[in-house]
Amino acid sequence: MIGLISYLVFFATVSSILAIAVLGLNLQWGNTGLFNGGVAAFFGAGAYGLILLGGTVQADHIGGFELFYPVALVGGILLSGLIALVVGMLTIRLRRDYLAIATFGVAVAFENLMRNAEWLSGGAQGMRGFERPFEDSIADPFVFNIIFFCFSVLLLLGVYLFLEKLIRSPFGRLLRAIREDEVAAKSLGKAPNRVRLTAFVVGSMIMGLAGGLYATFYAFVSPQDVLPTLTFQIWAMLIVGGSGNNQGGILGAFLIWAAWTASGWMLSKFAPIEAQLYTGTLQYIMIGMIIVGMLLWRPQGLLPEKLIVSQ
Amino acid sequence: MLKRLSMTEVILSTKKLTKTFGEFRALENLSVEIQARKITGLIGPNGAGKSTLFHTLTGILQPTEGQVFLKSKEITNFRTNQLFKMGLAFTFQLPRPFKKMSVLENVMISPVNQIGERLTGPFFQKTEMKREESKNRDKAMQILEFVTLDHLANQAAGKISGGQMKLLELARVLMVNPSMILLDEPAAGVSPTLTELLIEKITDLNCQGTTFLIIEHNMEFIMKRCDPVIAMAEGKVIFEGTPVEAQCNPLLLEAYLGATLNG
């Protein structure tokens, strides 16, 4: 029983962390229409930034500044924001598919940099040596996980409330107008490029927060954590849950993560050995089919965007 | 005659405006003056360059040569968003509402530099933002009432009729009390009842001092409400005068007739 609860806590923690990243993407795509195909890079910047700043000294790569945890976490978020700012300024004139390709390229470059720049990131081995806050004082790992779960949910709630307030404000109205028709927004005196950049940076910082929490939870980050698979999963979560609806995004995160882990478990349990070799690939196909099916039969997602009539 | 001239005030003008698309010269050395507080009709056969002139005046297109002035200020190469802030507003030939937003939201978005449009506004200037929002909402409702769309305030803008979308676009620009509004075929694709309403609203606004420049193919509209009338053909102005003069002008008849024969 305790094993099951322990697993559920673990599952819910990862889902909550991924849900934060989905909310970041929802600000960019759901509300502003920015196709970010490089979620993994911004998530990864938060994760690497945290361990770099908050980890212990390592012989083989830089970092190990052992900063106070919140400072390290914020540092990771700022790193994501900084990368988003630079990428955004270079690509913000690009529309939909072009922006997607450009940001996808950024994510691939980021992953390759982390994999190869050993002095910076520990290379393919990843970065270790991070001591989770309070882990020493809380001896029982189960209790620690429950506390960390609460911490993650609290942050998820905070991000949710922040974004809800934002999208219901005139700022959110402006984002939606730019998403709907940029030319018309310009004709009404708006400056779409600046607003798009703001949404891109804020959304990416939220992804950076998710990455920081993820790295905290595992006390480790490696290039395997910032593969394009992650971008793909986060997108699936938003599409299934309902683009433009924050509650939908959270729901999608839990559902897709459940489908992902359950399918992995079922394949390892019931599939023939030959098929088990391809577990990851089969999971990919499954998620891909879910996305295509959703787009065909319910493109608005499980919880569609609501018309905001007035505040 | 002299007295009449001295009373006119030019709000928008162009000097030797040329716009080319490759070899094609859409506007050719075009100099025109739009008088303040009037409803100027812009007519001409298809391909005459009316829309190109419109787009050049509103900053959607940049002229190849020549200048544009708003009152005495040169605005050549200014962008649409800058011009809107300076009181020069326009609507599109094919309406472009923000479809997935409510009709009310479509109108409330217009005021420039809203406190709540800044990222920090909703968090650090809540009171000011709320005050501004409620002021904007009241004004937006009044304008929606003026264009008879108030009963649709909470509808998605993509779900109203084409004619209503034209009214909505007018409502959107009215939020900022522009000194001049350019309308591109406001009556095209609009039912006769809504056209009547639109004409009435334009006349009302004009009485309150708003200048209009209107491209229109609906001759009844032009003859009834526009004075002066400017006619274009092949990128040039071929006529400027009263609607009555326009009706008897041989050049104008030829331009239209020629276009019909060729087209």
# chains A, B, ... in the order shown; residues from 1 in each chain; ligands from 1
>>> residues_around(residues="Ile11 of chain B", least_positions_apart="2", cutoff="7 Å", atoms="only C-alpha atoms", output="ChimeraX atom specification")
/B:9,13,34-36,70-71
>>> interface_residues(of="chain B", to="chain A", cutoff="9 Å", atoms="only C-alpha atoms", output="ChimeraX atom specification")
/B:58,60,79-85,89-92,96-106,108-119,121-123,129,133,137,153-156,172-173
>>> write_last_selection(atoms="N, CA and C atoms", output="tab-separated table (two decimals), in the first residue's frame")
chain	number	residue	atom	x	y	z
B	58	THR	N	-2.34	54.73	-44.87
B	58	THR	CA	-2.49	54.16	-43.54
B	58	THR	C	-1.25	53.41	-43.07
B	60	ILE	N	0.20	50.76	-44.29
B	60	ILE	CA	0.32	49.32	-44.58
B	60	ILE	C	1.36	49.13	-45.67
B	79	ARG	N	4.26	53.88	-39.50
B	79	ARG	CA	3.57	52.60	-39.43
B	79	ARG	C	2.13	52.79	-38.98
B	80	THR	N	1.30	51.79	-39.28
B	80	THR	CA	-0.12	51.90	-38.94
B	80	THR	C	-0.35	52.18	-37.46
B	81	ASN	N	0.43	51.50	-36.60
B	81	ASN	CA	0.16	51.70	-35.17
B	81	ASN	C	0.51	53.12	-34.72
B	82	GLN	N	1.55	53.72	-35.35
B	82	GLN	CA	1.87	55.11	-35.00
B	82	GLN	C	0.75	56.04	-35.48
B	83	LEU	N	0.26	55.79	-36.70
B	83	LEU	CA	-0.76	56.66	-37.27
B	83	LEU	C	-2.05	56.60	-36.46
B	84	PHE	N	-2.37	55.40	-35.98
B	84	PHE	CA	-3.58	55.24	-35.18
B	84	PHE	C	-3.49	56.10	-33.93
B	85	LYS	N	-2.29	56.11	-33.33
B	85	LYS	CA	-2.10	56.92	-32.12
B	85	LYS	C	-2.20	58.40	-32.43
B	89	ALA	N	-7.42	56.69	-38.26
B	89	ALA	CA	-7.87	55.31	-38.11
B	89	ALA	C	-8.46	54.82	-39.42
B	90	PHE	N	-8.49	53.52	-39.59
B	90	PHE	CA	-9.10	52.99	-40.81
B	90	PHE	C	-9.72	51.62	-40.55
B	91	THR	N	-10.61	51.23	-41.46
B	91	THR	CA	-11.18	49.89	-41.38
B	91	THR	C	-10.81	49.15	-42.66
B	92	PHE	N	-10.89	47.83	-42.60
B	92	PHE	CA	-10.46	47.01	-43.72
B	92	PHE	C	-11.59	46.77	-44.72
B	96	ARG	N	-11.83	42.46	-40.40
B	96	ARG	CA	-10.89	41.60	-39.67
B	96	ARG	C	-11.15	41.69	-38.18
B	97	PRO	N	-12.26	41.12	-37.72
B	97	PRO	CA	-12.51	41.14	-36.28
B	97	PRO	C	-11.60	40.13	-35.59
B	98	PHE	N	-11.42	40.27	-34.28
B	98	PHE	CA	-10.71	39.25	-33.51
B	98	PHE	C	-11.75	38.18	-33.21
B	99	LYS	N	-11.76	37.13	-34.03
B	99	LYS	CA	-12.92	36.24	-34.09
B	99	LYS	C	-13.24	35.50	-32.80
B	100	LYS	N	-12.19	35.05	-32.11
B	100	LYS	CA	-12.46	34.26	-30.91
B	100	LYS	C	-12.58	35.12	-29.67
B	101	MET	N	-12.77	36.41	-29.87
B	101	MET	CA	-12.97	37.30	-28.73
B	101	MET	C	-14.38	37.87	-28.81
B	102	SER	N	-14.91	38.27	-27.65
B	102	SER	CA	-16.28	38.79	-27.66
B	102	SER	C	-16.30	40.14	-28.38
B	103	VAL	N	-17.50	40.50	-28.83
B	103	VAL	CA	-17.69	41.79	-29.51
B	103	VAL	C	-17.24	42.92	-28.58
B	104	LEU	N	-17.58	42.81	-27.31
B	104	LEU	CA	-17.19	43.85	-26.35
B	104	LEU	C	-15.67	43.95	-26.24
B	105	GLU	N	-15.02	42.79	-26.13
B	105	GLU	CA	-13.55	42.79	-26.03
B	105	GLU	C	-12.91	43.41	-27.26
B	106	ASN	N	-13.52	43.13	-28.43
B	106	ASN	CA	-13.02	43.69	-29.68
B	106	ASN	C	-12.98	45.22	-29.63
B	108	MET	N	-13.10	47.02	-26.64
B	108	MET	CA	-12.33	47.50	-25.48
B	108	MET	C	-10.83	47.49	-25.71
B	109	ILE	N	-10.41	46.76	-26.72
B	109	ILE	CA	-8.98	46.67	-26.96
B	109	ILE	C	-8.39	47.96	-27.54
B	110	SER	N	-9.24	48.76	-28.16
B	110	SER	CA	-8.72	49.89	-28.93
B	110	SER	C	-7.90	50.96	-28.20
B	111	PRO	N	-8.34	51.43	-27.03
B	111	PRO	CA	-7.58	52.54	-26.44
B	111	PRO	C	-6.09	52.20	-26.34
B	112	VAL	N	-5.26	53.16	-26.71
B	112	VAL	CA	-3.82	52.88	-26.71
B	112	VAL	C	-3.24	53.10	-25.32
B	113	ASN	N	-2.11	52.44	-25.07
B	113	ASN	CA	-1.38	52.56	-23.80
B	113	ASN	C	-2.25	52.32	-22.57
B	114	GLN	N	-3.03	51.26	-22.58
B	114	GLN	CA	-3.83	50.95	-21.39
B	114	GLN	C	-2.90	50.45	-20.29
B	115	ILE	N	-3.22	50.83	-19.05
B	115	ILE	CA	-2.38	50.43	-17.91
B	115	ILE	C	-2.28	48.92	-17.84
B	116	GLY	N	-3.41	48.25	-18.02
B	116	GLY	CA	-3.45	46.80	-17.91
B	116	GLY	C	-2.78	46.07	-19.05
B	117	GLU	N	-2.38	46.79	-20.08
B	117	GLU	CA	-1.70	46.14	-21.20
B	117	GLU	C	-0.23	45.92	-20.92
B	118	ARG	N	0.24	46.53	-19.83
B	118	ARG	CA	1.62	46.25	-19.44
B	118	ARG	C	1.62	44.99	-18.59
B	119	LEU	N	2.71	44.25	-18.66
B	119	LEU	CA	2.81	43.01	-17.91
B	119	LEU	C	2.61	43.23	-16.41
B	121	GLY	N	0.94	45.75	-15.00
B	121	GLY	CA	-0.32	46.43	-14.68
B	121	GLY	C	-1.27	45.63	-13.81
B	122	PRO	N	-1.59	44.37	-14.22
B	122	PRO	CA	-2.58	43.61	-13.45
B	122	PRO	C	-2.12	43.28	-12.02
B	123	PHE	N	-0.84	43.45	-11.73
B	123	PHE	CA	-0.34	43.07	-10.41
B	123	PHE	C	0.01	44.26	-9.52
B	129	MET	N	-5.95	50.13	-12.97
B	129	MET	CA	-6.36	49.30	-14.09
B	129	MET	C	-7.86	49.07	-14.08
B	133	GLU	N	-10.47	50.13	-16.83
B	133	GLU	CA	-11.28	49.11	-17.48
B	133	GLU	C	-12.76	49.44	-17.42
B	137	ARG	N	-15.09	50.03	-20.50
B	137	ARG	CA	-16.25	49.18	-20.74
B	137	ARG	C	-17.50	50.01	-20.97
B	153	ALA	N	-22.92	42.12	-27.49
B	153	ALA	CA	-21.66	42.40	-26.78
B	153	ALA	C	-20.92	41.14	-26.32
B	154	ASN	N	-21.66	40.14	-25.86
B	154	ASN	CA	-21.00	38.96	-25.31
B	154	ASN	C	-20.87	37.80	-26.29
B	155	GLN	N	-21.21	38.07	-27.55
B	155	GLN	CA	-21.06	37.05	-28.60
B	155	GLN	C	-19.61	37.02	-29.08
B	156	ALA	N	-19.20	35.86	-29.61
B	156	ALA	CA	-17.89	35.81	-30.26
B	156	ALA	C	-17.98	36.60	-31.56
B	172	ARG	N	-14.80	49.79	-33.23
B	172	ARG	CA	-13.45	49.63	-32.72
B	172	ARG	C	-12.64	50.91	-32.83
B	173	VAL	N	-12.72	51.55	-34.00
B	173	VAL	CA	-11.93	52.78	-34.16
B	173	VAL	C	-12.56	53.97	-33.44
>>> residues_around(residues="Gln142 of chain B", least_positions_apart="2", cutoff="12 Å", atoms="only C-alpha atoms", output="compact mmCIF listing (two decimals) with N, CA and C atoms, in the first residue's frame")
# COMPACT_ATOMS: atom_id res chain seq x y z
N LEU B 104 -17.58 42.81 -27.31
CA LEU B 104 -17.19 43.85 -26.35
C LEU B 104 -15.67 43.95 -26.24
N VAL B 107 -13.95 45.79 -28.94
CA VAL B 107 -14.01 47.24 -28.88
C VAL B 107 -13.12 47.77 -27.75
N MET B 108 -13.10 47.02 -26.64
CA MET B 108 -12.33 47.50 -25.48
C MET B 108 -10.83 47.49 -25.71
N LYS B 135 -14.13 52.33 -17.09
CA LYS B 135 -14.37 53.48 -17.96
C LYS B 135 -14.44 53.02 -19.42
N ASN B 136 -13.48 52.19 -19.81
CA ASN B 136 -13.45 51.68 -21.19
C ASN B 136 -14.67 50.83 -21.51
N ARG B 137 -15.09 50.03 -20.50
CA ARG B 137 -16.25 49.18 -20.74
C ARG B 137 -17.50 50.01 -20.97
N ASP B 138 -17.67 51.05 -20.15
CA ASP B 138 -18.84 51.92 -20.33
C ASP B 138 -18.83 52.57 -21.70
N LYS B 139 -17.66 53.07 -22.07
CA LYS B 139 -17.56 53.73 -23.37
C LYS B 139 -17.81 52.75 -24.50
N ALA B 140 -17.23 51.54 -24.37
CA ALA B 140 -17.40 50.53 -25.41
C ALA B 140 -18.89 50.18 -25.55
N LEU B 144 -21.13 50.56 -28.82
CA LEU B 144 -21.85 49.41 -29.37
C LEU B 144 -23.34 49.73 -29.52
N GLU B 145 -23.84 50.50 -28.60
CA GLU B 145 -25.23 50.92 -28.68
C GLU B 145 -25.41 51.83 -29.90
N PHE B 146 -24.45 52.73 -30.08
CA PHE B 146 -24.48 53.67 -31.19
C PHE B 146 -24.51 52.93 -32.53
N VAL B 147 -23.73 51.85 -32.65
CA VAL B 147 -23.73 51.09 -33.91
C VAL B 147 -24.70 49.90 -33.85
N THR B 148 -25.59 49.91 -32.85
CA THR B 148 -26.64 48.90 -32.67
C THR B 148 -26.13 47.47 -32.54
N LEU B 149 -24.99 47.32 -31.89
CA LEU B 149 -24.48 45.95 -31.67
C LEU B 149 -24.48 45.59 -30.19
N ASP B 150 -25.05 46.44 -29.37
CA ASP B 150 -24.97 46.23 -27.92
C ASP B 150 -25.56 44.89 -27.48
N HIS B 151 -26.59 44.43 -28.22
CA HIS B 151 -27.20 43.15 -27.83
C HIS B 151 -26.27 41.97 -28.14
N ALA B 153 -22.92 42.12 -27.49
CA ALA B 153 -21.66 42.40 -26.78
C ALA B 153 -20.92 41.14 -26.32
N ALA B 171 -16.95 50.57 -34.81
CA ALA B 171 -17.01 50.75 -33.36
C ALA B 171 -15.61 50.71 -32.75
N ARG B 172 -14.80 49.79 -33.23
CA ARG B 172 -13.45 49.63 -32.72
C ARG B 172 -12.64 50.91 -32.83
N LEU B 174 -13.88 53.91 -33.23
CA LEU B 174 -14.53 55.05 -32.57
C LEU B 174 -14.11 55.18 -31.11
N MET B 175 -13.61 54.08 -30.53
CA MET B 175 -13.18 54.09 -29.13
C MET B 175 -12.15 55.18 -28.84
>>> closest_residue(among="A:Phe220, A:Phe142, A:Phe43, A:Phe110", to="Leu4 of chain A", atoms="only C-alpha atoms")
A:Phe142
>>> residues_around(residues="segment 218-229 of chain B", least_positions_apart="4", cutoff="12 Å", atoms="only C-alpha atoms", output="JSON, numbers by chain")
{"B": [8, 32, 33, 34, 35, 36, 37, 38, 39, 40, 41, 42, 43, 44, 45, 184, 185, 186, 187, 188, 189, 190, 192, 195, 196, 197, 198, 199, 200, 201, 202, 203, 204, 206, 207, 211, 212, 213, 214, 237, 238, 239, 240, 241, 242, 243, 244, 245, 246, 247, 249, 252]}
>>> atom_distance(atom1="atom CA of Gly203 of chain A", atom2="atom CA of Gly81 of chain A")
8.5 Å
>>> closest_residue(among="B:Leu94, B:Leu182, B:Leu61, B:Val68", to="Ser31 of chain B", atoms="only C-alpha atoms")
B:Val68
>>> select_by_dssp(residues="segment 16-261 of chain B", states="strand (DSSP E)", output="ChimeraX atom specification")
/B:16-21,24-35,39-43,65-70,73-74,88-91,180-184,211-215,229-233,236-241
>>> residues_around(residues="Glu66 of chain A", least_positions_apart="6", cutoff="12 Å", atoms="only C-alpha atoms", output="JSON, numbers by chain")
{"A": [49, 50, 51, 52, 53, 54, 55, 56, 57, 58, 72, 73, 129, 130, 131, 132, 133]}
>>> residues_around(residues="Thr210 of chain B", least_positions_apart="5", cutoff="6 Å", atoms="only C-alpha atoms", output="PyMOL selection string")
chain B and resi 37+179-180+205
>>> write_last_selection(atoms="C-alpha atoms", output="PDB file, in the first residue's frame")
ATOM      1  CA  ARG B  37     -14.555  67.709 -41.353  1.00  0.00           C
ATOM      2  CA  SER B 179      -9.919  62.873 -36.069  1.00  0.00           C
ATOM      3  CA  MET B 180     -10.024  61.039 -39.354  1.00  0.00           C
ATOM      4  CA  LEU B 205     -20.047  61.349 -36.668  1.00  0.00           C
TER       5      LEU B 205
END
>>> atom_distance(atom1="atom CA of Gln164 of chain B", atom2="atom CA of Leu194 of chain B")
7.9 Å
>>> closest_residue(among="A:Ala21, A:Ala215, A:Ile138, A:Ile285", to="Leu230 of chain A", atoms="only C-alpha atoms")
A:Ala21
>>> residues_around(residues="segment 240-253 of chain A", least_positions_apart="3", cutoff="8 Å", atoms="only C-alpha atoms", output="compact mmCIF listing (two decimals) with N, CA and C atoms, in the first residue's frame")
# COMPACT_ATOMS: atom_id res chain seq x y z
N SER A 15 4.01 14.95 -12.77
CA SER A 15 2.92 15.54 -13.56
C SER A 15 2.77 17.02 -13.26
N SER A 16 2.84 17.39 -11.97
CA SER A 16 2.68 18.79 -11.59
C SER A 16 3.78 19.64 -12.20
N LEU A 18 5.54 18.95 -14.91
CA LEU A 18 5.32 19.06 -16.36
C LEU A 18 4.15 20.00 -16.65
N ALA A 19 3.15 19.99 -15.76
CA ALA A 19 2.00 20.87 -15.94
C ALA A 19 2.43 22.34 -15.94
N ILE A 20 3.44 22.66 -15.11
CA ILE A 20 3.93 24.04 -15.09
C ILE A 20 4.49 24.40 -16.47
N VAL A 22 3.62 23.08 -19.27
CA VAL A 22 2.49 23.18 -20.20
C VAL A 22 1.84 24.57 -20.08
N LEU A 23 1.74 25.07 -18.85
CA LEU A 23 1.15 26.40 -18.67
C LEU A 23 2.00 27.47 -19.36
N ASN A 26 1.20 27.24 -22.89
CA ASN A 26 -0.14 27.76 -23.15
C ASN A 26 -0.14 29.29 -23.27
N LEU A 27 0.71 29.93 -22.48
CA LEU A 27 0.81 31.40 -22.61
C LEU A 27 1.32 31.74 -24.01
N TRP A 29 1.56 29.64 -26.92
CA TRP A 29 0.76 29.16 -28.05
C TRP A 29 -0.73 29.42 -27.85
N GLY A 30 -1.26 28.96 -26.72
CA GLY A 30 -2.69 29.08 -26.47
C GLY A 30 -3.19 30.51 -26.52
N ASN A 31 -2.41 31.40 -25.93
CA ASN A 31 -2.89 32.78 -25.84
C ASN A 31 -2.30 33.71 -26.89
N TYR A 160 -0.49 29.03 -12.04
CA TYR A 160 -1.85 29.03 -12.58
C TYR A 160 -2.57 30.34 -12.25
N LEU A 163 -1.12 33.29 -14.18
CA LEU A 163 -1.51 33.32 -15.59
C LEU A 163 -2.99 33.63 -15.77
N GLU A 164 -3.83 33.11 -14.86
CA GLU A 164 -5.26 33.40 -14.96
C GLU A 164 -5.49 34.90 -14.84
N ILE A 234 5.14 17.80 -24.03
CA ILE A 234 4.50 19.01 -23.51
C ILE A 234 3.43 19.50 -24.49
N ALA A 236 1.79 17.62 -26.64
CA ALA A 236 0.66 16.68 -26.59
C ALA A 236 -0.24 17.01 -25.41
N MET A 237 0.37 17.36 -24.28
CA MET A 237 -0.40 17.69 -23.09
C MET A 237 -1.31 18.89 -23.34
N ILE A 256 -1.62 12.80 -20.11
CA ILE A 256 -0.58 12.32 -21.03
C ILE A 256 0.55 11.65 -20.25
N TRP A 257 0.88 12.21 -19.07
CA TRP A 257 1.94 11.57 -18.30
C TRP A 257 1.50 10.21 -17.79
N ILE A 290 -2.31 9.90 -30.50
CA ILE A 290 -3.24 10.67 -29.66
C ILE A 290 -3.35 12.11 -30.19
N ILE A 291 -2.19 12.71 -30.52
CA ILE A 291 -2.21 14.08 -31.03
C ILE A 291 -3.02 14.16 -32.32
N MET A 294 -6.72 13.68 -31.66
CA MET A 294 -7.29 14.88 -31.03
C MET A 294 -7.51 15.98 -32.07
N GLN A 300 -10.22 21.36 -30.31
CA GLN A 300 -10.24 22.37 -29.24
C GLN A 300 -9.77 21.79 -27.90
N GLY A 301 -9.53 20.46 -27.86
CA GLY A 301 -9.05 19.82 -26.63
C GLY A 301 -10.19 19.43 -25.71
N LEU A 302 -9.83 18.75 -24.61
CA LEU A 302 -10.86 18.28 -23.68
C LEU A 302 -11.57 19.45 -23.01
N LEU A 303 -10.81 20.44 -22.59
CA LEU A 303 -11.41 21.65 -22.00
C LEU A 303 -11.09 22.81 -22.95
N PRO A 304 -12.03 23.17 -23.82
CA PRO A 304 -11.75 24.21 -24.81
C PRO A 304 -11.57 25.58 -24.18
N GLU A 305 -10.98 26.47 -24.96
CA GLU A 305 -10.82 27.85 -24.52
C GLU A 305 -12.18 28.47 -24.30
N LYS A 306 -12.27 29.25 -23.23
CA LYS A 306 -13.54 29.92 -22.94
C LYS A 306 -13.51 31.33 -23.50
>>> atom_distance(atom1="atom CA of Gln233 of chain A", atom2="atom CA of Ile92 of chain A")
23.8 Å
